[in-house]
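S.K.: Supplied in C-alpha cells, the structure appears directly below.
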Amino acid sequence: MDRFVKSFILMGIVYLAIATVLGICMLGYPSLMQFKFVHSHLMMLGWVSMMIYGVGYHILPRFAGKLLKSPKLGELQFWLANIGLVGMLAFYTLGTYNPSGLYRGLVIASGLIEALSISLFFYNMIATLYAKTEA
Ligand code: HEM
Ligand code: HEM
C-alpha cells in the first residue's frame with residue numbers, strides 16, 4: 001500500500017473523530033450550530049472523501065487491471081486536500097468571530113486548493129482506468 005494511501009485513510013479517521021466531537025458539542029451548545037459548515041465538511045470532505053480517495057487509489061486500479069497513472073500526483077493530492085480543508089475550515093471559523101474581507105478571501109483560496117485536489121483525483125483516476133496498457 002502506498003504511503004499516501006495509508007495517510008488518506010488515517011486522516012479520514014482523524015477528521016471523523018474531530019467532527020464527531022464537534023457534532024456532539026453542537027447538540028449540547030446550540031450556539032455552536034453556527035459551525036454546522038465545519039462539522040459537515042469535516043465529515044464529507046474529511047472523513048467520507050478521504051476514505052474514498054484512499055480506498056479508491058488502492059483498489060480501483062487493481063479492479064481494472066491497471067497501474068495507478070501517477071503515485072506522485074496522488075501524494076500531491078493528499079497534501080492539497082488536507083491543506084485546502086484545514087485552511088477552509090480554520091479561516092471560516094476565524095471569520096465568524098472576526099468578519100473581514102481577508103478571511104473571506106482566505107476561505108475562497110483554500111476552497112480553490114481543495115477543488116484543485118479534487119481535479120487531480122479526477123485526472124489520475126480517469127487516466128488510470130482508461131489507460132490503453134494493462135498492468
Ligand atoms: C455522533 C455523530 C454525529 C453527531 C453528534 C452529529 C451532529 C450533527 C448536528 C447537531 C448537526 C446539525 C443539525 C441541524 O442543522 O439541525 C449535523 C449536521 C450534519 N451532519 Fe452530523 N453528526 C454526526 C455524524 C455525522 C456523520 C457520520 C456525517 C457524515 C458522514 C454527518 C454529516 C452531517 C451533515 C452533512 C450535516 C449537515 C446537514 C444539513 O445541513 O441538513 N454527521 N450533525
Ligand atoms: C471545494 C469543496 C467544497 C466547497 C468549497 C463547499 C462549500 C459549501 C458551501 C459554501 C456550503 C453552504 C454552507 C452554508 O449554507 O452555510 C456547502 C454546503 C454543503 N456541502 Fe459543501 N463544499 C465543498 C465540497 C463538498 C463535498 C465534496 C460534499 C459532499 C461529499 C459537500 C457536502 C455539502 C453538504 C451536505 C452541504 C449542506 C450542509 C451545510 O450547510 O453545511 N460539500 N458547501
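To be explicit about the labels: the chains of the C-alpha cells are called A, B, and onward in the order shown, and within each one the residues are counted from 1, while ligands get numbers from 1 in the order they are shown.
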Can you list, as a ChimeraX atom specification, every protein, DNA or RNA residue that comes within 7 Å of A:Ile113 when you count only C-alpha atoms, leaving out same-chain residues fewer than 4 positions away?
M.R.: /A:80,84,109,117
S.K.: For ligand 2, list the contacting residues at 12 Å or closer, counting only C-alpha atoms and all ligand atoms, as a PDB file with C-alpha atoms, in the first residue's frame.
M.R.:
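Writing done, so here's selection-v6.pdb:
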ATOM      1  CA  GLY A  23     -21.305  17.339  16.374  1.00  0.00           C
ATOM      2  CA  MET A  33     -24.755  25.372  15.453  1.00  0.00           C
ATOM      3  CA  GLN A  34     -23.117  28.251  13.571  1.00  0.00           C
ATOM      4  CA  PHE A  35     -20.317  25.740  12.876  1.00  0.00           C
ATOM      5  CA  LYS A  36     -22.537  23.291  11.020  1.00  0.00           C
ATOM      6  CA  PHE A  37     -20.484  24.029   7.871  1.00  0.00           C
ATOM      7  CA  VAL A  38     -17.324  22.978   9.738  1.00  0.00           C
ATOM      8  CA  HIS A  39     -18.922  19.755  11.035  1.00  0.00           C
ATOM      9  CA  SER A  40     -20.500  18.811   7.698  1.00  0.00           C
ATOM     10  CA  HIS A  41     -17.282  19.411   5.706  1.00  0.00           C
ATOM     11  CA  LEU A  42     -15.033  17.677   8.246  1.00  0.00           C
ATOM     12  CA  MET A  43     -17.401  14.744   7.716  1.00  0.00           C
ATOM     13  CA  MET A  44     -17.920  14.959   3.944  1.00  0.00           C
ATOM     14  CA  LEU A  45     -14.541  16.284   2.694  1.00  0.00           C
ATOM     15  CA  GLY A  46     -12.546  14.905   5.643  1.00  0.00           C
ATOM     16  CA  TRP A  47     -13.998  11.531   6.587  1.00  0.00           C
ATOM     17  CA  VAL A  48     -16.077  10.456   3.566  1.00  0.00           C
ATOM     18  CA  SER A  49     -13.947  11.863   0.702  1.00  0.00           C
ATOM     19  CA  MET A  50     -10.542  10.975   2.196  1.00  0.00           C
ATOM     20  CA  MET A  51     -11.659   7.411   2.914  1.00  0.00           C
ATOM     21  CA  ILE A  52     -12.926   7.155  -0.677  1.00  0.00           C
ATOM     22  CA  TYR A  53      -9.644   8.605  -2.061  1.00  0.00           C
ATOM     23  CA  LEU A  80      -3.564  19.772  -1.262  1.00  0.00           C
ATOM     24  CA  ALA A  81      -6.747  18.056   0.047  1.00  0.00           C
ATOM     25  CA  ASN A  82      -5.589  18.454   3.663  1.00  0.00           C
ATOM     26  CA  ILE A  83      -4.201  21.989   3.324  1.00  0.00           C
ATOM     27  CA  GLY A  84      -7.377  23.071   1.485  1.00  0.00           C
ATOM     28  CA  LEU A  85      -9.737  21.502   4.038  1.00  0.00           C
ATOM     29  CA  VAL A  86      -7.949  22.690   7.176  1.00  0.00           C
ATOM     30  CA  GLY A  87      -7.446  26.162   5.664  1.00  0.00           C
ATOM     31  CA  MET A  88     -11.074  26.452   4.548  1.00  0.00           C
ATOM     32  CA  LEU A  89     -12.484  25.456   7.953  1.00  0.00           C
ATOM     33  CA  TYR A  92     -14.218  30.126   8.109  1.00  0.00           C
ATOM     34  CA  THR A  93     -14.115  29.759  11.919  1.00  0.00           C
ATOM     35  CA  THR A  96     -17.253  34.036  12.108  1.00  0.00           C
ATOM     36  CA  ARG A 104     -13.348  35.596   3.213  1.00  0.00           C
ATOM     37  CA  LEU A 106      -8.535  33.056   2.520  1.00  0.00           C
ATOM     38  CA  VAL A 107     -11.621  30.775   2.753  1.00  0.00           C
ATOM     39  CA  ILE A 108     -12.125  31.100  -1.010  1.00  0.00           C
ATOM     40  CA  ALA A 109      -8.404  30.483  -1.719  1.00  0.00           C
ATOM     41  CA  SER A 110      -8.495  27.349   0.486  1.00  0.00           C
ATOM     42  CA  GLY A 111     -11.674  26.186  -1.279  1.00  0.00           C
ATOM     43  CA  LEU A 112      -9.868  26.573  -4.613  1.00  0.00           C
ATOM     44  CA  ILE A 113      -6.938  24.471  -3.303  1.00  0.00           C
ATOM     45  CA  GLU A 114      -9.493  21.820  -2.269  1.00  0.00           C
ATOM     46  CA  ALA A 115     -11.079  21.992  -5.738  1.00  0.00           C
ATOM     47  CA  LEU A 116      -7.624  21.611  -7.337  1.00  0.00           C
ATOM     48  CA  SER A 117      -7.036  18.480  -5.260  1.00  0.00           C
ATOM     49  CA  ILE A 118     -10.402  17.092  -6.437  1.00  0.00           C
ATOM     50  CA  SER A 119      -9.399  17.725 -10.067  1.00  0.00           C
TER      51      SER A 119
END
S.K.: I want to know what sits within 8 Å of A:Asn124, based on only C-alpha atoms, with residues of the same chain fewer than 5 positions away left out; could you give that as a list in words?
M.R.: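 Counting only the stated atoms, we get Leu68, Lys69, Ser70, Leu73 and Gly74 of chain A.
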S.K.: Can I get the selected residues back with C-alpha atoms, as a PDB file, in the first residue's frame?
M.R.:
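Writing the result to out03.pdb gives the following:
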ATOM      1  CA  LEU A  68      -2.050   3.958 -10.987  1.00  0.00           C
ATOM      2  CA  LYS A  69      -1.074   6.600 -13.576  1.00  0.00           C
ATOM      3  CA  SER A  70       0.836   8.803 -11.109  1.00  0.00           C
ATOM      4  CA  LEU A  73       0.145  13.206  -8.196  1.00  0.00           C
ATOM      5  CA  GLY A  74      -1.651  11.067  -5.579  1.00  0.00           C
TER       6      GLY A  74
END
S.K.: Per DSSP on the backbone, what are the alpha helix (DSSP H) residues of stretch 2-107 of chain A, as a ChimeraX atom specification?
M.R.: /A:3-28,36-41,49-64,71-97,101-107
S.K.: Find the residues around A:Ala127 up to 12 Å (only C-alpha atoms counted), leave out those fewer than 2 positions away in its own chain, and share them as a PyMOL selection string.
M.R.: chain A and resi 60-61+64+66-70+73+119-125+129-133
